[in-house]
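A.B. asks: Structure provided below as C-alpha cells; questions to follow.
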Amino acid sequence: MNTISLISVAELLDGRHFFIPPYQRGYRWADSQMMELLDDLYEFAIREKKTSHTSSGEFYCLQPIIVQRITDASKLAEIHSIAGWDESDTTNNTWEVIDGQQRLTSLYILFRFLISEELTSVKKLKRAGLELYRLCYETRPETGEFLENLSEDTDNCDDNIDFAFISNAYRTIGKWLETRGPQIARRFNKRPNPDDILATLNDLLRTRREDTGESTGSAQFIWYELSPDSGKNPIDEFVSINNGKIRLTDAELIKGLILQKRNFLNDKAAEQMKIALQWEEIENTLHHNDFWHFLSTESNDVNRIELLFKLRYNESHTLAPKDGDLFRFYFNDLLSAQPGPELKEEVEKEWAHIVSLFNTLREWYEDPVLYNIIGFLIHSNVRLEEIMAWHRSIDHDAPKQLFIDRLNEEIEKKLPSRAEVIEGKIRCEYGSPTVRYLLLFLNIFQLNKQIKELRKKDATFMTPAYKFPFDLYVSQDWDVEHIDSATQNDLRNIDEKEEWLHQSLAALNQEITEEISQYFQEKEYDKIWAYILQRSHTAHSDEAKKNGIGNLTLLDSKTNRQYKNAIFAYKRVVIQP
C-alpha cells in the first residue's frame, strides 16, 4: 500500500541514492525559484517559534516528493553500471524519483555550497553519522558527477544546458547571501554576517524531526511513497501527476495518512476497509450538486471532501487554512502518536469526528427548512465555518428551533429592516448585493411558508419538493434582471428590430392595424414603441423606479438572453408559455 509521511531533510543524509529516470527533464530552476527557497528557509529558521505540545516541533514544510523504492535486482544492477555506485551502498536504499527531483537537486546544490564554504564537509558529516544523498540521472549520468564536484571554481558550462542551470543556481546562492540574506537578517534583528546566515541554514537542514530543542526548527518534505508491489507504472504515475490528473491535495494526503496500515493493528483490515468505504460514500454524496451547492458557492469538481477537514481545522483556528495547513494540522497536531494502540485510538477518534461533521451536514440537507435557510446564508456570503460554529454553541439536546432562530437572526442582518418593509420603503438599488439577497430570500420565504403550513397537518413532513434549487442557481448563473425594461430595444439590424416589435404586439394580443402597418412601412419604430407602451400600460419611468425593487427579479442567464429588453407581456409569454 502507498504510504505518506513527513521526512526531514536531515533524514535524507543517510547515504540514500535517488535515481532520476529518463522521462524527467533536466534541472531547470531559475534564479527567482532558488532565491524564494532561500528566503523561505532562512526566514523560518530565524523567526520566533511557538511552543508545541507535539513530539515533532515546528518545521518548514517543503512540497511533496513522490518516490518508489527500487527492489528489482536487474534494475539495481543497471543503475550500478550507469552511476558507478557501489552495490553494497544501494541495497534497500535506492529510490526512483517520480516527482520532486527539481527540489532534491536544489537542496543538493545548497549542500555543496555549504561544503565549499566549510560550514560542513563530507568528513564532518560522516563523523556525525551522516552522508549526503546522491543523484543519478539515467540518460545524463555525467550530471551526478558534475553535482558532486560542484564548487565556486566550476565553469559556467554553457555548452551543457543542465550544467549551466546547476552552476547558475550555485552562483545564485552567493548572490542571495550578499543581498537578500542580510536584508532578511536585519528585518528580524539578526546579525547580517554571511557566515552566521549560512550557519543558520546549515543548522536547519541538519535538524531531525526529533530534535525539538533546536531553535531553527527543521525542514521537512512530504514523503509520498508508492508501494513496490502496487502494480503502478512509475511512468504512468509521472504523466498523470504532471497532466494534473493526480493532485496531491491536502485531502489526498490526509487520506493516505489515515489509511496507513500501521494505524490498524493485528490485521484489522476490516476496520481499514470500513473507513475507506465511508470515505467513498462521503465523497460521492458531496459530488451530488444539489447537496454541494447548498453548502458552497464554489464549483469544485475534484476535492469536495476537503470541506469537512476545513470545518475540523476551523474548530481551533480563526484564519482559513492555506495550502498544506490541513495536512500539517492532522500530522503534527492530531495524529502525532507513535505506531501502537494510542495512534489507532487517535485515528478512530478523528475519523469519527469527520463522520459526525458530515452527518450534521446531511441532517441539514434532509430537512427542507434548514436546507433553504442555510443555503440562503451560504449564497449571501456567510461562511459554512461560521454556521457550524453557531451550531456547536447550542446545547446538543436543545430543540432544533433554537438553531433555526439563530440562523434567522443572521438572515435579518442581510435584509432591509422590518420597519422599511412595513412602510414600503425598501431602499434597494439595482446592482446592490442587498437586492440579490432580498430576491433570493423571497423565494426561500415562500417555500418555507408552504412547508410550515404542511407541517401543521404532518409534523414529520420532509419532502424535497420544497427545496430551493441552489445547484441550478449556480449552474444557470441566475442574476438580478429588470421585469419591465421600459426602454426601446437597441437592435440595429432592421429585420431583428421589426421582428422584436411584432413579438411584443403579439404578446399583447394586438392586431396589426392600418396605422401600425403604415408605421412599419415608413420605419417609424418610435411610434410603434409608444403604441406598445400605451397598450401595455407602461409609462417611461425615471431611473429610480426602473431600478427599484418593484421592477427587479431573479432570472437565469439563458432566459435573460432570450428576451433581452422585451416588454413584460412578452417576458411572461417566454417564462410561462
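Each chain in the C-alpha cells gets a letter, A, B and so on, in the order shown; residues start at 1 in every chain, and ligands are counted from 1 in the order they appear.
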As a PyMOL selection string, please: the residues near stretch 19-24 of chain A (cut-off 6 Å, only C-alpha atoms, same-chain neighbours under 4 positions excluded).
C.D. replies: chain A and resi 95-97+136-139
A.B. asks: If you measure from atom CA of A:Ile374 to atom CA of A:Phe294, what distance in Å do you get, rounded to one decimal?
C.D. replies: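 For atom CA of A:Ile374 relative to atom CA of A:Phe294, the distance reads 7.0 Å.
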A.B. asks: What lies within 9 Å of stretch 176-186 of chain A using only C-alpha atoms, ignoring chain neighbours under 2 positions off, as a ChimeraX atom specification?
C.D. replies: /A:34-35,38-39,42-43,46,171-174,188-194,197-198
A.B. asks: Excluding A:Leu438 and residues on its chain fewer than 4 positions from it, collect all residues at most 7 Å away from it, counting only C-alpha atoms, and give them as a PDB file with C-alpha atoms, in the first residue's frame.
C.D. replies:
ATOM      1  CA  LEU A 415     -32.182  42.122   4.617  1.00  0.00           C
ATOM      2  CA  THR A 434     -28.952  43.558  -0.849  1.00  0.00           C
ATOM      3  CA  LEU A 442     -38.439  35.912  -1.180  1.00  0.00           C
TER       4      LEU A 442
END
A.B. asks: For A:Gln68, which of A:Glu453, A:Asp211, A:Glu225, A:Glu117 is the closest residue, counting only C-alpha atoms?
C.D. replies: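 Under the stated criterion, the closest residue is A:Glu225.
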A.B. asks: May I ask for the distance between atom CA of A:Pro433 and atom CA of A:Phe403, given in Å to one decimal place?
C.D. replies: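 So the answer is 25.4 Å.
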A.B. asks: I'd like to know which of A:Phe329, A:Tyr108, A:Tyr133, A:Trp390 is closest to A:Leu402, using only C-alpha atoms.
C.D. replies: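 Of A:Phe329, A:Tyr108, A:Tyr133, A:Trp390, the one nearest A:Leu402 is A:Trp390, counting only C-alpha atoms.
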A.B. asks: Would you please give, as number ranges by chain, all residues of stretch 240-410 of chain A that DSSP assigns to helix (DSSP H, G or I) based on the backbone?
C.D. replies: A: 240-242, 250-258, 261-263, 269-286, 289-292, 306-314, 325-334, 341-366, 368-378, 384-393, 400-410
A.B. asks: So how far away is atom CA of A:Pro321 from atom CA of A:Val67, in Å?
C.D. replies: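 Calculated distance between atom CA of A:Val67 and atom CA of A:Pro321 is 26.9 Å.
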A.B. asks: Looking at A:Asp405, A:Asp40, A:Glu87, A:Glu385, which one is nearest to A:Cys61, with distances taken over only C-alpha atoms?
C.D. replies: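 Checking each of A:Asp405, A:Asp40, A:Glu87, A:Glu385 against A:Cys61, counting only C-alpha atoms, the winner is A:Asp40.
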A.B. asks: Please give the complete set of residues from stretch 76-250 of chain A that DSSP, run on the backbone, assigns to strand (DSSP E or B), formatted as a PDB file with all heavy atoms, in the first residue's frame.
C.D. replies:
ATOM      1  N   THR A  94      17.804   2.650  -2.509  1.00  0.00           N
ATOM      2  CA  THR A  94      17.745   3.334  -3.794  1.00  0.00           C
ATOM      3  C   THR A  94      16.294   3.608  -4.144  1.00  0.00           C
ATOM      4  O   THR A  94      15.447   2.720  -4.064  1.00  0.00           O
ATOM      5  CB  THR A  94      18.405   2.481  -4.899  1.00  0.00           C
ATOM      6  OG1 THR A  94      19.765   2.215  -4.541  1.00  0.00           O
ATOM      7  CG2 THR A  94      18.385   3.217  -6.232  1.00  0.00           C
ATOM      8  N   TRP A  95      16.043   4.829  -4.566  1.00  0.00           N
ATOM      9  CA  TRP A  95      14.666   5.273  -4.804  1.00  0.00           C
ATOM     10  C   TRP A  95      14.535   5.893  -6.187  1.00  0.00           C
ATOM     11  O   TRP A  95      15.376   6.689  -6.601  1.00  0.00           O
ATOM     12  CB  TRP A  95      14.260   6.324  -3.764  1.00  0.00           C
ATOM     13  CG  TRP A  95      14.527   5.909  -2.358  1.00  0.00           C
ATOM     14  CD1 TRP A  95      15.717   5.991  -1.684  1.00  0.00           C
ATOM     15  CD2 TRP A  95      13.600   5.306  -1.454  1.00  0.00           C
ATOM     16  NE1 TRP A  95      15.590   5.495  -0.431  1.00  0.00           N
ATOM     17  CE2 TRP A  95      14.288   5.072  -0.249  1.00  0.00           C
ATOM     18  CE3 TRP A  95      12.258   4.969  -1.543  1.00  0.00           C
ATOM     19  CZ2 TRP A  95      13.688   4.499   0.855  1.00  0.00           C
ATOM     20  CZ3 TRP A  95      11.648   4.409  -0.439  1.00  0.00           C
ATOM     21  CH2 TRP A  95      12.347   4.173   0.748  1.00  0.00           C
ATOM     22  N   GLU A  96      13.489   5.511  -6.881  1.00  0.00           N
ATOM     23  CA  GLU A  96      13.166   6.173  -8.142  1.00  0.00           C
ATOM     24  C   GLU A  96      12.322   7.413  -7.831  1.00  0.00           C
ATOM     25  O   GLU A  96      11.294   7.311  -7.150  1.00  0.00           O
ATOM     26  CB  GLU A  96      12.400   5.246  -9.078  1.00  0.00           C
ATOM     27  CG  GLU A  96      12.062   5.900 -10.423  1.00  0.00           C
ATOM     28  CD  GLU A  96      11.542   4.913 -11.447  1.00  0.00           C
ATOM     29  OE1 GLU A  96      11.839   3.697 -11.310  1.00  0.00           O
ATOM     30  OE2 GLU A  96      10.843   5.338 -12.381  1.00  0.00           O
ATOM     31  N   VAL A  97      12.750   8.561  -8.325  1.00  0.00           N
ATOM     32  CA  VAL A  97      12.048   9.816  -8.065  1.00  0.00           C
ATOM     33  C   VAL A  97      11.010  10.025  -9.163  1.00  0.00           C
ATOM     34  O   VAL A  97      11.354  10.231 -10.324  1.00  0.00           O
ATOM     35  CB  VAL A  97      13.025  11.008  -8.018  1.00  0.00           C
ATOM     36  CG1 VAL A  97      12.265  12.308  -7.764  1.00  0.00           C
ATOM     37  CG2 VAL A  97      14.077  10.788  -6.939  1.00  0.00           C
ATOM     38  N   ILE A  98       9.752   9.983  -8.784  1.00  0.00           N
ATOM     39  CA  ILE A  98       8.660  10.158  -9.745  1.00  0.00           C
ATOM     40  C   ILE A  98       8.296  11.631  -9.880  1.00  0.00           C
ATOM     41  O   ILE A  98       7.970  12.111 -10.948  1.00  0.00           O
ATOM     42  CB  ILE A  98       7.440   9.317  -9.309  1.00  0.00           C
ATOM     43  CG1 ILE A  98       7.827   7.827  -9.326  1.00  0.00           C
ATOM     44  CG2 ILE A  98       6.234   9.568 -10.210  1.00  0.00           C
ATOM     45  CD1 ILE A  98       6.837   6.935  -8.632  1.00  0.00           C
ATOM     46  N   ASP A  99       8.386  12.356  -8.772  1.00  0.00           N
ATOM     47  CA  ASP A  99       8.152  13.804  -8.821  1.00  0.00           C
ATOM     48  C   ASP A  99       8.903  14.445  -7.660  1.00  0.00           C
ATOM     49  O   ASP A  99       8.923  13.907  -6.552  1.00  0.00           O
ATOM     50  CB  ASP A  99       6.652  14.122  -8.703  1.00  0.00           C
ATOM     51  CG  ASP A  99       6.346  15.577  -9.024  1.00  0.00           C
ATOM     52  OD1 ASP A  99       6.738  16.031 -10.107  1.00  0.00           O
ATOM     53  OD2 ASP A  99       5.725  16.254  -8.192  1.00  0.00           O
ATOM     54  N   GLU A 131      25.615  11.190   5.763  1.00  0.00           N
ATOM     55  CA  GLU A 131      26.229  11.101   4.435  1.00  0.00           C
ATOM     56  C   GLU A 131      25.281  11.719   3.417  1.00  0.00           C
ATOM     57  O   GLU A 131      24.099  11.387   3.370  1.00  0.00           O
ATOM     58  CB  GLU A 131      26.502   9.635   4.075  1.00  0.00           C
ATOM     59  CG  GLU A 131      27.189   9.479   2.730  1.00  0.00           C
ATOM     60  CD  GLU A 131      27.432   8.018   2.366  1.00  0.00           C
ATOM     61  OE1 GLU A 131      27.247   7.148   3.244  1.00  0.00           O
ATOM     62  OE2 GLU A 131      27.775   7.758   1.186  1.00  0.00           O
ATOM     63  N   ARG A 134      22.847  10.955  -2.887  1.00  0.00           N
ATOM     64  CA  ARG A 134      23.434  11.025  -4.225  1.00  0.00           C
ATOM     65  C   ARG A 134      22.323  10.954  -5.274  1.00  0.00           C
ATOM     66  O   ARG A 134      21.257  10.378  -5.041  1.00  0.00           O
ATOM     67  CB  ARG A 134      24.432   9.883  -4.422  1.00  0.00           C
ATOM     68  CG  ARG A 134      25.519   9.863  -3.359  1.00  0.00           C
ATOM     69  CD  ARG A 134      26.519   8.746  -3.602  1.00  0.00           C
ATOM     70  NE  ARG A 134      27.383   9.048  -4.732  1.00  0.00           N
ATOM     71  CZ  ARG A 134      28.359   8.217  -5.160  1.00  0.00           C
ATOM     72  NH1 ARG A 134      28.542   7.038  -4.565  1.00  0.00           N
ATOM     73  NH2 ARG A 134      29.113   8.552  -6.186  1.00  0.00           N
ATOM     74  N   LEU A 135      22.590  11.550  -6.414  1.00  0.00           N
ATOM     75  CA  LEU A 135      21.622  11.625  -7.507  1.00  0.00           C
ATOM     76  C   LEU A 135      22.225  11.009  -8.760  1.00  0.00           C
ATOM     77  O   LEU A 135      23.390  11.262  -9.085  1.00  0.00           O
ATOM     78  CB  LEU A 135      21.237  13.078  -7.786  1.00  0.00           C
ATOM     79  CG  LEU A 135      20.535  13.828  -6.641  1.00  0.00           C
ATOM     80  CD1 LEU A 135      20.631  15.334  -6.852  1.00  0.00           C
ATOM     81  CD2 LEU A 135      19.078  13.420  -6.556  1.00  0.00           C
ATOM     82  N   CYS A 136      21.413  10.231  -9.460  1.00  0.00           N
ATOM     83  CA  CYS A 136      21.844   9.661 -10.741  1.00  0.00           C
ATOM     84  C   CYS A 136      20.757   9.913 -11.777  1.00  0.00           C
ATOM     85  O   CYS A 136      19.597   9.528 -11.577  1.00  0.00           O
ATOM     86  CB  CYS A 136      22.092   8.157 -10.602  1.00  0.00           C
ATOM     87  SG  CYS A 136      22.376   7.335 -12.194  1.00  0.00           S
ATOM     88  N   TYR A 137      21.119  10.568 -12.866  1.00  0.00           N
ATOM     89  CA  TYR A 137      20.193  10.820 -13.978  1.00  0.00           C
ATOM     90  C   TYR A 137      20.470   9.778 -15.049  1.00  0.00           C
ATOM     91  O   TYR A 137      21.553   9.739 -15.639  1.00  0.00           O
ATOM     92  CB  TYR A 137      20.401  12.233 -14.529  1.00  0.00           C
ATOM     93  CG  TYR A 137      20.143  13.323 -13.519  1.00  0.00           C
ATOM     94  CD1 TYR A 137      21.089  13.632 -12.545  1.00  0.00           C
ATOM     95  CD2 TYR A 137      18.956  14.049 -13.526  1.00  0.00           C
ATOM     96  CE1 TYR A 137      20.852  14.629 -11.603  1.00  0.00           C
ATOM     97  CE2 TYR A 137      18.710  15.049 -12.602  1.00  0.00           C
ATOM     98  CZ  TYR A 137      19.670  15.332 -11.645  1.00  0.00           C
ATOM     99  OH  TYR A 137      19.429  16.307 -10.713  1.00  0.00           O
ATOM    100  N   SER A 218      13.022  22.468  11.957  1.00  0.00           N
ATOM    101  CA  SER A 218      13.554  21.571  10.936  1.00  0.00           C
ATOM    102  C   SER A 218      12.847  21.802   9.610  1.00  0.00           C
ATOM    103  O   SER A 218      11.749  22.366   9.577  1.00  0.00           O
ATOM    104  CB  SER A 218      13.400  20.103  11.355  1.00  0.00           C
ATOM    105  OG  SER A 218      12.027  19.763  11.468  1.00  0.00           O
ATOM    106  N   ALA A 219      13.479  21.365   8.521  1.00  0.00           N
ATOM    107  CA  ALA A 219      12.883  21.430   7.182  1.00  0.00           C
ATOM    108  C   ALA A 219      12.467  20.015   6.799  1.00  0.00           C
ATOM    109  O   ALA A 219      13.275  19.091   6.870  1.00  0.00           O
ATOM    110  CB  ALA A 219      13.875  21.996   6.168  1.00  0.00           C
ATOM    111  N   GLN A 220      11.207  19.851   6.401  1.00  0.00           N
ATOM    112  CA  GLN A 220      10.695  18.510   6.146  1.00  0.00           C
ATOM    113  C   GLN A 220       9.946  18.440   4.824  1.00  0.00           C
ATOM    114  O   GLN A 220       9.239  19.384   4.438  1.00  0.00           O
ATOM    115  CB  GLN A 220       9.758  18.081   7.289  1.00  0.00           C
ATOM    116  CG  GLN A 220      10.435  18.055   8.650  1.00  0.00           C
ATOM    117  CD  GLN A 220       9.522  17.608   9.762  1.00  0.00           C
ATOM    118  OE1 GLN A 220       8.560  16.883   9.519  1.00  0.00           O
ATOM    119  NE2 GLN A 220       9.809  18.028  10.991  1.00  0.00           N
ATOM    120  N   PHE A 221      10.113  17.322   4.164  1.00  0.00           N
ATOM    121  CA  PHE A 221       9.378  17.004   2.944  1.00  0.00           C
ATOM    122  C   PHE A 221       8.135  16.195   3.291  1.00  0.00           C
ATOM    123  O   PHE A 221       8.123  15.442   4.265  1.00  0.00           O
ATOM    124  CB  PHE A 221      10.227  16.137   2.003  1.00  0.00           C
ATOM    125  CG  PHE A 221      11.238  16.886   1.183  1.00  0.00           C
ATOM    126  CD1 PHE A 221      12.589  16.785   1.473  1.00  0.00           C
ATOM    127  CD2 PHE A 221      10.844  17.685   0.117  1.00  0.00           C
ATOM    128  CE1 PHE A 221      13.533  17.454   0.706  1.00  0.00           C
ATOM    129  CE2 PHE A 221      11.768  18.347  -0.655  1.00  0.00           C
ATOM    130  CZ  PHE A 221      13.120  18.252  -0.354  1.00  0.00           C
ATOM    131  N   ILE A 222       7.092  16.342   2.479  1.00  0.00           N
ATOM    132  CA  ILE A 222       6.008  15.363   2.482  1.00  0.00           C
ATOM    133  C   ILE A 222       6.491  14.198   1.613  1.00  0.00           C
ATOM    134  O   ILE A 222       6.762  14.371   0.428  1.00  0.00           O
ATOM    135  CB  ILE A 222       4.720  15.965   1.916  1.00  0.00           C
ATOM    136  CG1 ILE A 222       4.229  17.114   2.805  1.00  0.00           C
ATOM    137  CG2 ILE A 222       3.638  14.901   1.777  1.00  0.00           C
ATOM    138  CD1 ILE A 222       3.056  17.879   2.235  1.00  0.00           C
ATOM    139  N   TRP A 223       6.643  13.051   2.225  1.00  0.00           N
ATOM    140  CA  TRP A 223       7.253  11.876   1.575  1.00  0.00           C
ATOM    141  C   TRP A 223       6.133  10.922   1.164  1.00  0.00           C
ATOM    142  O   TRP A 223       5.515  10.271   1.994  1.00  0.00           O
ATOM    143  CB  TRP A 223       8.216  11.227   2.558  1.00  0.00           C
ATOM    144  CG  TRP A 223       8.971  10.034   2.078  1.00  0.00           C
ATOM    145  CD1 TRP A 223       8.648   8.722   2.273  1.00  0.00           C
ATOM    146  CD2 TRP A 223      10.217  10.013   1.369  1.00  0.00           C
ATOM    147  NE1 TRP A 223       9.594   7.894   1.729  1.00  0.00           N
ATOM    148  CE2 TRP A 223      10.571   8.662   1.161  1.00  0.00           C
ATOM    149  CE3 TRP A 223      11.063  10.997   0.878  1.00  0.00           C
ATOM    150  CZ2 TRP A 223      11.732   8.281   0.505  1.00  0.00           C
ATOM    151  CZ3 TRP A 223      12.223  10.629   0.217  1.00  0.00           C
ATOM    152  CH2 TRP A 223      12.550   9.298   0.032  1.00  0.00           C
ATOM    153  N   TYR A 224       5.849  10.879  -0.123  1.00  0.00           N
ATOM    154  CA  TYR A 224       4.768  10.033  -0.657  1.00  0.00           C
ATOM    155  C   TYR A 224       5.428   8.859  -1.362  1.00  0.00           C
ATOM    156  O   TYR A 224       6.055   9.016  -2.404  1.00  0.00           O
ATOM    157  CB  TYR A 224       3.906  10.830  -1.622  1.00  0.00           C
ATOM    158  CG  TYR A 224       2.599  10.160  -2.001  1.00  0.00           C
ATOM    159  CD1 TYR A 224       1.422  10.440  -1.320  1.00  0.00           C
ATOM    160  CD2 TYR A 224       2.541   9.240  -3.042  1.00  0.00           C
ATOM    161  CE1 TYR A 224       0.222   9.838  -1.660  1.00  0.00           C
ATOM    162  CE2 TYR A 224       1.356   8.628  -3.390  1.00  0.00           C
ATOM    163  CZ  TYR A 224       0.195   8.926  -2.698  1.00  0.00           C
ATOM    164  OH  TYR A 224      -0.990   8.321  -3.036  1.00  0.00           O
ATOM    165  N   GLU A 225       5.288   7.680  -0.749  1.00  0.00           N
ATOM    166  CA  GLU A 225       5.993   6.504  -1.254  1.00  0.00           C
ATOM    167  C   GLU A 225       5.029   5.500  -1.876  1.00  0.00           C
ATOM    168  O   GLU A 225       4.112   5.015  -1.219  1.00  0.00           O
ATOM    169  CB  GLU A 225       6.771   5.842  -0.110  1.00  0.00           C
ATOM    170  CG  GLU A 225       7.595   4.644  -0.551  1.00  0.00           C
ATOM    171  CD  GLU A 225       8.373   4.034   0.602  1.00  0.00           C
ATOM    172  OE1 GLU A 225       8.559   4.712   1.639  1.00  0.00           O
ATOM    173  OE2 GLU A 225       8.780   2.849   0.472  1.00  0.00           O
ATOM    174  N   LEU A 226       5.243   5.220  -3.157  1.00  0.00           N
ATOM    175  CA  LEU A 226       4.452   4.197  -3.841  1.00  0.00           C
ATOM    176  C   LEU A 226       4.989   2.824  -3.469  1.00  0.00           C
ATOM    177  O   LEU A 226       6.200   2.603  -3.449  1.00  0.00           O
ATOM    178  CB  LEU A 226       4.520   4.385  -5.356  1.00  0.00           C
ATOM    179  CG  LEU A 226       3.962   5.685  -5.936  1.00  0.00           C
ATOM    180  CD1 LEU A 226       4.156   5.702  -7.450  1.00  0.00           C
ATOM    181  CD2 LEU A 226       2.497   5.835  -5.595  1.00  0.00           C
TER     182      LEU A 226
END
A.B. asks: For A:Arg362, list every protein, DNA or RNA residue within 10 Å, evaluated using only C-alpha atoms, and leave out those in the same chain fewer than 4 positions away; present the list as a PyMOL selection string.
C.D. replies: chain A and resi 282+285-286+291+356-358+366-367+371
A.B. asks: Just the residues within 7 Å of A:His379, please, counting only C-alpha atoms, with nothing from its chain fewer than 3 positions along; format it as an MDAnalysis selection string.
C.D. replies: chainID A and resid 297 375:376
A.B. asks: Name all residues at most 12 Å from stretch 145-156 of chain A (count only C-alpha atoms; drop same-chain ones fewer than 2 positions away) and give them as a PyMOL selection string.
C.D. replies: chain A and resi 27+82-85+104-118+122+132-137+140-143+158-174
A.B. asks: Based on the selection just made, write N, CA and C atoms of those residues as a short mmCIF file (atom, residue, chain, number, x, y, z; two decimals), in the first residue's frame.
C.D. replies:
data_model
loop_
_atom_site.label_atom_id
_atom_site.label_comp_id
_atom_site.auth_asym_id
_atom_site.auth_seq_id
_atom_site.Cartn_x
_atom_site.Cartn_y
_atom_site.Cartn_z
N TYR A 27 17.62 19.61 -14.82
CA TYR A 27 17.43 20.66 -13.82
C TYR A 27 17.19 22.00 -14.50
N ILE A 82 25.39 2.36 -14.59
CA ILE A 82 25.24 3.73 -15.11
C ILE A 82 25.94 4.73 -14.20
N ALA A 83 25.68 4.62 -12.89
CA ALA A 83 26.15 5.64 -11.95
C ALA A 83 27.52 5.32 -11.35
N GLY A 84 27.94 4.08 -11.42
CA GLY A 84 29.20 3.71 -10.80
C GLY A 84 29.08 3.60 -9.29
N TRP A 85 27.86 3.40 -8.79
CA TRP A 85 27.66 3.27 -7.35
C TRP A 85 28.08 1.88 -6.87
N LEU A 104 14.90 18.26 -4.91
CA LEU A 104 16.02 17.48 -4.38
C LEU A 104 17.36 18.01 -4.91
N THR A 105 17.40 18.33 -6.19
CA THR A 105 18.64 18.84 -6.79
C THR A 105 18.99 20.20 -6.22
N SER A 106 17.99 21.06 -6.02
CA SER A 106 18.25 22.40 -5.47
C SER A 106 18.85 22.31 -4.07
N LEU A 107 18.29 21.44 -3.23
CA LEU A 107 18.84 21.28 -1.89
C LEU A 107 20.24 20.68 -1.93
N TYR A 108 20.47 19.78 -2.89
CA TYR A 108 21.80 19.20 -3.04
C TYR A 108 22.81 20.31 -3.39
N ILE A 109 22.43 21.20 -4.30
CA ILE A 109 23.29 22.32 -4.67
C ILE A 109 23.59 23.19 -3.46
N LEU A 110 22.57 23.42 -2.60
CA LEU A 110 22.77 24.21 -1.39
C LEU A 110 23.75 23.50 -0.45
N PHE A 111 23.65 22.19 -0.33
CA PHE A 111 24.61 21.44 0.50
C PHE A 111 26.03 21.57 -0.05
N ARG A 112 26.16 21.52 -1.40
CA ARG A 112 27.52 21.67 -1.98
C ARG A 112 28.08 23.06 -1.69
N PHE A 113 27.19 24.07 -1.65
CA PHE A 113 27.65 25.43 -1.32
C PHE A 113 28.11 25.48 0.14
N LEU A 114 27.35 24.86 1.04
CA LEU A 114 27.74 24.84 2.45
C LEU A 114 29.07 24.12 2.63
N ILE A 115 29.27 23.05 1.86
CA ILE A 115 30.53 22.30 1.95
C ILE A 115 31.69 23.16 1.45
N SER A 116 31.48 23.87 0.34
CA SER A 116 32.56 24.70 -0.21
C SER A 116 32.92 25.85 0.71
N GLU A 117 31.94 26.32 1.50
CA GLU A 117 32.19 27.41 2.45
C GLU A 117 32.66 26.89 3.80
N GLU A 118 32.92 25.58 3.85
CA GLU A 118 33.44 24.91 5.04
C GLU A 118 32.50 25.01 6.23
N VAL A 122 32.27 16.62 3.95
CA VAL A 122 31.95 15.20 3.88
C VAL A 122 32.46 14.49 5.14
N LEU A 132 25.80 12.65 2.64
CA LEU A 132 24.97 13.37 1.66
C LEU A 132 24.37 12.39 0.65
N TYR A 133 23.10 12.57 0.37
CA TYR A 133 22.46 11.70 -0.61
C TYR A 133 23.07 11.92 -1.99
N ARG A 134 22.85 10.95 -2.89
CA ARG A 134 23.43 11.03 -4.22
C ARG A 134 22.32 10.95 -5.27
N LEU A 135 22.59 11.55 -6.41
CA LEU A 135 21.62 11.62 -7.51
C LEU A 135 22.23 11.01 -8.76
N CYS A 136 21.41 10.23 -9.46
CA CYS A 136 21.84 9.66 -10.74
C CYS A 136 20.76 9.91 -11.78
N TYR A 137 21.12 10.57 -12.87
CA TYR A 137 20.19 10.82 -13.98
C TYR A 137 20.47 9.78 -15.05
N ARG A 140 21.61 11.04 -18.30
CA ARG A 140 22.63 12.07 -18.16
C ARG A 140 23.51 11.75 -16.95
N PRO A 141 24.18 10.60 -16.96
CA PRO A 141 24.94 10.18 -15.77
C PRO A 141 26.05 11.16 -15.39
N GLU A 142 26.51 11.95 -16.36
CA GLU A 142 27.56 12.92 -16.06
C GLU A 142 27.07 14.04 -15.15
N THR A 143 25.74 14.23 -15.09
CA THR A 143 25.19 15.28 -14.24
C THR A 143 25.45 14.97 -12.77
N ASP A 158 28.35 26.59 -20.47
CA ASP A 158 27.26 26.99 -21.36
C ASP A 158 27.00 25.98 -22.47
N ASP A 159 27.93 25.07 -22.71
CA ASP A 159 27.74 24.08 -23.76
C ASP A 159 26.86 22.91 -23.32
N ASN A 160 26.54 22.85 -22.02
CA ASN A 160 25.67 21.80 -21.49
C ASN A 160 24.57 22.49 -20.68
N ILE A 161 23.33 22.42 -21.16
CA ILE A 161 22.26 23.20 -20.54
C ILE A 161 21.99 22.78 -19.10
N ASP A 162 22.11 21.47 -18.80
CA ASP A 162 21.91 21.02 -17.42
C ASP A 162 22.99 21.61 -16.51
N PHE A 163 24.24 21.54 -16.96
CA PHE A 163 25.34 22.08 -16.16
C PHE A 163 25.18 23.59 -15.98
N ALA A 164 24.70 24.26 -17.04
CA ALA A 164 24.54 25.72 -16.98
C ALA A 164 23.52 26.11 -15.91
N PHE A 165 22.40 25.42 -15.85
CA PHE A 165 21.38 25.74 -14.84
C PHE A 165 21.89 25.42 -13.44
N ILE A 166 22.61 24.30 -13.30
CA ILE A 166 23.13 23.91 -11.99
C ILE A 166 24.15 24.93 -11.49
N SER A 167 25.11 25.28 -12.34
CA SER A 167 26.14 26.24 -11.91
C SER A 167 25.54 27.61 -11.66
N ASN A 168 24.52 27.98 -12.42
CA ASN A 168 23.85 29.27 -12.19
C ASN A 168 23.13 29.28 -10.84
N ALA A 169 22.49 28.14 -10.50
CA ALA A 169 21.82 28.04 -9.19
C ALA A 169 22.83 28.18 -8.06
N TYR A 170 23.98 27.60 -8.26
CA TYR A 170 25.05 27.68 -7.25
C TYR A 170 25.48 29.13 -7.05
N ARG A 171 25.68 29.85 -8.15
CA ARG A 171 26.08 31.26 -8.06
C ARG A 171 24.96 32.12 -7.46
N THR A 172 23.71 31.72 -7.72
CA THR A 172 22.57 32.47 -7.18
C THR A 172 22.58 32.44 -5.64
N ILE A 173 23.04 31.33 -5.06
CA ILE A 173 23.14 31.26 -3.60
C ILE A 173 24.10 32.33 -3.10
N GLY A 174 25.22 32.50 -3.81
CA GLY A 174 26.18 33.54 -3.44
C GLY A 174 25.58 34.94 -3.54
#
